[in-house]
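What follows is the content of start-v7.tsv, which has TSV, C-alpha atoms:
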```tsv
chain	number	residue	atom	x	y	z
A	30	MET	CA	-2.54	14.27	2.20
A	31	LYS	CA	-2.84	13.68	-1.55
A	32	ASN	CA	-1.12	16.99	-2.28
A	33	ASN	CA	1.81	16.03	-0.05
A	34	ASN	CA	2.20	12.73	-1.92
A	35	PHE	CA	2.04	14.54	-5.27
A	36	ILE	CA	4.72	17.02	-4.17
A	37	LEU	CA	6.92	14.19	-2.85
A	38	ILE	CA	6.59	12.22	-6.11
A	39	ALA	CA	7.36	15.34	-8.18
A	40	LEU	CA	10.42	16.05	-6.05
A	41	LEU	CA	11.66	12.46	-6.38
A	42	LEU	CA	11.15	12.49	-10.16
A	43	SER	CA	12.96	15.81	-10.59
A	44	THR	CA	15.85	14.56	-8.43
A	45	PHE	CA	16.02	11.35	-10.45
A	46	SER	CA	16.02	13.19	-13.79
A	47	ALA	CA	18.73	15.56	-12.56
A	48	SER	CA	20.91	12.64	-11.49
A	49	VAL	CA	20.39	10.93	-14.88
A	50	THR	CA	21.41	14.14	-16.66
A	51	LEU	CA	24.51	14.42	-14.47
A	52	ALA	CA	25.34	10.77	-15.13
A	53	ASP	CA	24.96	11.33	-18.89
A	54	ASN	CA	27.33	14.31	-18.73
A	55	VAL	CA	29.89	12.32	-16.79
A	56	ALA	CA	29.52	9.38	-19.20
A	57	ILE	CA	30.19	11.61	-22.21
A	58	GLY	CA	33.46	12.97	-20.85
A	59	GLY	CA	33.56	10.60	-17.93
A	60	GLU	CA	37.07	9.24	-18.09
A	61	ASN	CA	38.65	12.62	-18.64
A	62	PHE	CA	36.48	14.24	-15.99
A	63	ILE	CA	37.23	11.57	-13.39
A	64	LEU	CA	40.96	11.59	-14.19
A	65	GLU	CA	41.07	15.38	-13.95
A	66	VAL	CA	39.33	15.40	-10.56
A	67	ALA	CA	41.59	12.63	-9.27
A	68	LYS	CA	44.69	14.45	-10.49
A	69	LYS	CA	43.72	17.70	-8.77
A	70	ASN	CA	43.03	15.86	-5.51
A	71	SER	CA	46.32	13.97	-5.55
A	72	SER	CA	49.16	14.76	-3.18
A	73	GLU	CA	51.50	15.05	-6.14
A	74	HIS	CA	49.43	17.83	-7.66
A	75	LYS	CA	48.94	19.67	-4.38
A	76	ILE	CA	52.63	19.56	-3.42
A	77	SER	CA	53.93	20.52	-6.87
A	78	THR	CA	51.40	23.37	-7.00
A	79	ILE	CA	52.70	24.72	-3.67
A	80	LEU	CA	56.28	24.59	-4.99
A	81	HIS	CA	55.22	26.26	-8.25
A	82	LYS	CA	53.44	29.05	-6.35
A	83	LYS	CA	56.65	29.65	-4.41
A	84	GLY	CA	58.33	30.42	-7.74
A	85	MET	CA	59.73	27.08	-8.85
A	86	ASN	CA	59.52	25.99	-12.47
A	87	LYS	CA	56.40	23.81	-12.85
A	88	ASN	CA	58.27	20.85	-14.39
A	89	LYS	CA	60.97	20.97	-11.70
A	90	ALA	CA	58.29	21.11	-8.99
A	91	ILE	CA	56.63	18.01	-10.45
A	92	GLU	CA	59.99	16.24	-10.73
A	93	LEU	CA	60.94	16.95	-7.11
A	94	THR	CA	57.52	15.85	-5.91
A	95	GLN	CA	57.66	12.62	-7.92
A	96	ASN	CA	61.13	11.89	-6.53
A	97	MET	CA	59.88	12.36	-2.97
A	98	ILE	CA	56.87	10.08	-3.38
A	99	THR	CA	58.46	6.64	-3.49
A	100	ILE	CA	55.23	4.62	-3.18
A	101	ASP	CA	52.06	4.50	-5.26
A	102	HIS	CA	50.75	8.07	-5.56
A	103	THR	CA	47.19	7.13	-4.62
A	104	LEU	CA	48.42	5.26	-1.55
A	105	PHE	CA	50.60	8.25	-0.60
A	106	THR	CA	47.61	10.59	-0.84
A	107	PHE	CA	45.48	8.21	1.22
A	108	MET	CA	48.18	7.90	3.90
A	109	ALA	CA	48.78	11.67	4.04
A	110	GLU	CA	45.09	12.37	4.48
A	111	SER	CA	44.73	9.55	7.00
A	112	TYR	CA	47.62	11.06	8.99
A	113	ALA	CA	45.95	14.48	8.84
A	114	MET	CA	42.67	13.13	10.12
A	115	GLN	CA	44.25	11.13	12.94
A	116	SER	CA	46.68	13.84	14.03
A	117	LYS	CA	44.06	16.58	13.77
A	118	LEU	CA	46.55	18.77	11.89
A	119	SER	CA	45.55	20.98	9.00
A	120	LEU	CA	45.87	19.24	5.65
A	121	LYS	CA	47.04	22.55	4.20
A	122	ASP	CA	49.89	22.70	6.77
A	123	ILE	CA	50.78	19.08	6.09
A	124	TYR	CA	51.02	19.64	2.33
A	125	SER	CA	53.03	22.79	2.91
A	126	GLU	CA	55.54	20.82	4.99
A	127	LEU	CA	55.56	18.02	2.41
A	128	ALA	CA	56.46	20.65	-0.18
A	129	ASN	CA	59.46	21.59	1.97
A	130	TYR	CA	60.43	17.92	2.15
A	131	ALA	CA	60.23	17.70	-1.65
A	132	LEU	CA	62.24	20.90	-2.05
A	133	TYR	CA	65.03	19.66	0.20
A	134	GLN	CA	64.75	16.11	-1.18
A	135	LYS	CA	63.99	14.51	2.18
A	136	ASN	CA	62.43	11.08	2.52
A	137	VAL	CA	58.81	10.69	3.61
A	138	ASP	CA	57.61	7.56	5.41
A	139	PHE	CA	54.23	7.78	7.13
A	140	THR	CA	54.77	4.31	8.61
A	141	SER	CA	57.86	5.37	10.57
A	142	TYR	CA	57.38	6.56	14.14
A	143	SER	CA	60.58	8.63	14.07
A	144	PHE	CA	59.55	10.28	10.80
A	145	LEU	CA	56.10	11.13	12.16
A	146	VAL	CA	57.56	12.62	15.34
A	147	LYS	CA	59.93	14.82	13.35
A	148	PHE	CA	57.27	15.70	10.78
A	149	THR	CA	54.60	16.50	13.38
A	150	HIS	CA	57.05	18.70	15.24
A	151	SER	CA	57.83	20.53	11.97
A	152	VAL	CA	54.15	21.06	11.18
A	153	LYS	CA	53.19	22.15	14.70
A	154	LYS	CA	56.34	24.22	15.20
A	155	ALA	CA	56.16	23.33	18.89
A	156	PRO	CA	57.44	20.63	21.23
A	157	LEU	CA	55.31	17.50	21.46
A	158	SER	CA	53.76	16.34	24.72
A	159	ALA	CA	53.93	12.78	26.03
A	160	SER	CA	50.32	12.17	25.03
A	161	GLU	CA	51.02	13.46	21.51
A	162	LEU	CA	53.99	11.10	21.23
A	163	LYS	CA	51.75	8.21	22.29
A	164	ASP	CA	49.16	9.28	19.70
A	165	ILE	CA	51.87	9.40	17.04
A	166	GLU	CA	52.91	5.87	17.92
A	167	GLN	CA	49.32	4.70	17.35
A	168	ILE	CA	49.12	6.67	14.11
A	169	SER	CA	52.35	5.07	12.94
A	170	ASN	CA	50.95	1.60	13.65
A	171	LYS	CA	47.73	2.39	11.76
A	172	GLU	CA	49.66	3.83	8.81
A	173	GLN	CA	51.75	0.63	8.73
A	174	LEU	CA	48.54	-1.43	8.58
A	175	ILE	CA	47.23	0.74	5.73
A	176	TYR	CA	50.50	0.36	3.85
A	177	GLU	CA	50.58	-3.41	4.30
A	178	ALA	CA	46.92	-3.80	3.32
A	179	LEU	CA	47.26	-1.79	0.11
A	180	THR	CA	50.63	-2.99	-1.19
```

The structure in this file should be written as structure tokens.
Amino acid sequence: MKNNNFILIALLLSTFSASVTLADNVAIGGENFILEVAKKNSSEHKISTILHKKGMNKNKAIELTQNMITIDHTLFTFMAESYAMQSKLSLKDIYSELANYALYQKNVDFTSYSFLVKFTHSVKKAPLSASELKDIEQISNKEQLIYEALT
């Protein structure tokens, strides 16, 4: 029993010291590190990267993406990922379609039922069933609540 306690205490201490070391490393370059991670996880970065990989000039890809995102970029990312989770569509497919919207300078509004129907149809590349349309209506209502709560 004493050996088990000793092993447990040693494990806890090593975990604690590792987390302190990680925290020190983040504190040293913390702001830059956090900003860099946030930037790479943003919708703006993901969409402009898709456009750039398709051969578009990097600055033009960023410009088109910024023009498409008409709300706070963090809120846009949150709403896009919320839509992905609720609709059970691939986030990769969603960002790919958002890149097409940016390329063709189309408006994006995750709170709009008609937008979500059209967008979901584009992502799925198949007709939507009655139950899917009902789900999209609920998603639209939830996205509206998110938008209102965070603006």

Provide the atom CA of Thr180 of chain A to atom CA of Thr140 of chain A distance in Å, to one decimal place.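 Atom CA of Thr140 of chain A lies at a distance of 12.9 Å from atom CA of Thr180 of chain A.
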
Quote the spacing between atom CA of Ser111 of chain A and atom CA of Leu127 of chain A in Å to one decimal place.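 Atom CA of Ser111 of chain A sits 14.5 Å away from atom CA of Leu127 of chain A.
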
Interatomic distance, atom CA of Lys117 of chain A to atom CA of Leu104 of chain A (Å, one decimal):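 Interatomic distance here is 19.5 Å.
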
Find the spatial neighbours of Gln167 of chain A, counting only C-alpha atoms, within a cut-off of 12 Å - ignore same-chain residues fewer than 2 positions away - and output them as a list in words.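 Close residues of Gln167 of chain A: Tyr112, Gln115, Ser116, Phe139, Thr140, Ser141, Tyr142, Leu145, Val146, Ser160, Glu161, Leu162, Lys163, Asp164, Ile165, Ser169, Asn170, Lys171, Glu172, Gln173 and Leu174 of chain A.
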
Compile the contact shell of Ser71 of chain A as a list in words: residues with an atom at most 12 Å away, counting all atoms listed in the file, same-chain residues fewer than 6 positions apart removed.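 The neighbour list is Leu64, Glu65, Ser77, Thr78, Thr94, Gln95, Ile98, Asp101, His102, Thr103, Leu104, Phe105, Thr106, Phe107, Met108, Ala109, Glu110 and Tyr124 of chain A.
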
Restricting it to C-alpha atoms, dump the selection as a compact mmCIF listing (two decimals), in the frame of the given file.
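The resulting out.txt:
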```
# COMPACT_ATOMS: atom_id res chain seq x y z
CA LEU A 64 40.96 11.59 -14.19
CA GLU A 65 41.07 15.38 -13.95
CA SER A 77 53.93 20.52 -6.87
CA THR A 78 51.40 23.37 -7.00
CA THR A 94 57.52 15.85 -5.91
CA GLN A 95 57.66 12.62 -7.92
CA ILE A 98 56.87 10.08 -3.38
CA ASP A 101 52.06 4.50 -5.26
CA HIS A 102 50.75 8.07 -5.56
CA THR A 103 47.19 7.13 -4.62
CA LEU A 104 48.42 5.26 -1.55
CA PHE A 105 50.60 8.25 -0.60
CA THR A 106 47.61 10.59 -0.84
CA PHE A 107 45.48 8.21 1.22
CA MET A 108 48.18 7.90 3.90
CA ALA A 109 48.78 11.67 4.04
CA GLU A 110 45.09 12.37 4.48
CA TYR A 124 51.02 19.64 2.33
```

Using all atoms listed in the file, find the one residue out of A:Ile123, A:Ala131, A:Ile168, A:Ile175 that sits nearest to His150 of chain A.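 For His150 of chain A, the nearest of the candidates is A:Ile123.
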
Might you pull out every residue within 12 Å of Lys135 of chain A, with all atoms listed in the file counted and same-chain residues fewer than 5 positions away left off, and present them as a list in words? Leu93, Thr94, Asn96, Met97, Ile98, Thr99, Glu126, Leu127, Ala128, Asn129, Tyr130, Phe144, Lys147 and Phe148 of chain A

Using only C-alpha atoms, please write the residues we just selected to a file, as a PDB file, keeping the file's coordinate frame.
```pdb
ATOM      1  CA  LEU A  93      60.940  16.950  -7.110  1.00  0.00           C
ATOM      2  CA  THR A  94      57.520  15.850  -5.910  1.00  0.00           C
ATOM      3  CA  ASN A  96      61.130  11.890  -6.530  1.00  0.00           C
ATOM      4  CA  MET A  97      59.880  12.360  -2.970  1.00  0.00           C
ATOM      5  CA  ILE A  98      56.870  10.080  -3.380  1.00  0.00           C
ATOM      6  CA  THR A  99      58.460   6.640  -3.490  1.00  0.00           C
ATOM      7  CA  GLU A 126      55.540  20.820   4.990  1.00  0.00           C
ATOM      8  CA  LEU A 127      55.560  18.020   2.410  1.00  0.00           C
ATOM      9  CA  ALA A 128      56.460  20.650  -0.180  1.00  0.00           C
ATOM     10  CA  ASN A 129      59.460  21.590   1.970  1.00  0.00           C
ATOM     11  CA  TYR A 130      60.430  17.920   2.150  1.00  0.00           C
ATOM     12  CA  PHE A 144      59.550  10.280  10.800  1.00  0.00           C
ATOM     13  CA  LYS A 147      59.930  14.820  13.350  1.00  0.00           C
ATOM     14  CA  PHE A 148      57.270  15.700  10.780  1.00  0.00           C
TER      15      PHE A 148
END
```

For His81 of chain A: contacts at 8 Å, all atoms listed in the file, fewer than 5 positions along chain excluded, given as an MDAnalysis selection string: chainID A and resid 86:87 90

Return the single residue from A:Glu73, A:Glu177, A:Glu92, A:Glu166 that is closest to Ser143 of chain A, with distances computed using only C-alpha atoms. A:Glu166

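You can rank A:His74, A:Lys153, A:Lys82, A:Lys89 by their closest distance to Asp122 of chain A using only C-alpha atoms, and at the top of that list sits A:Lys153.
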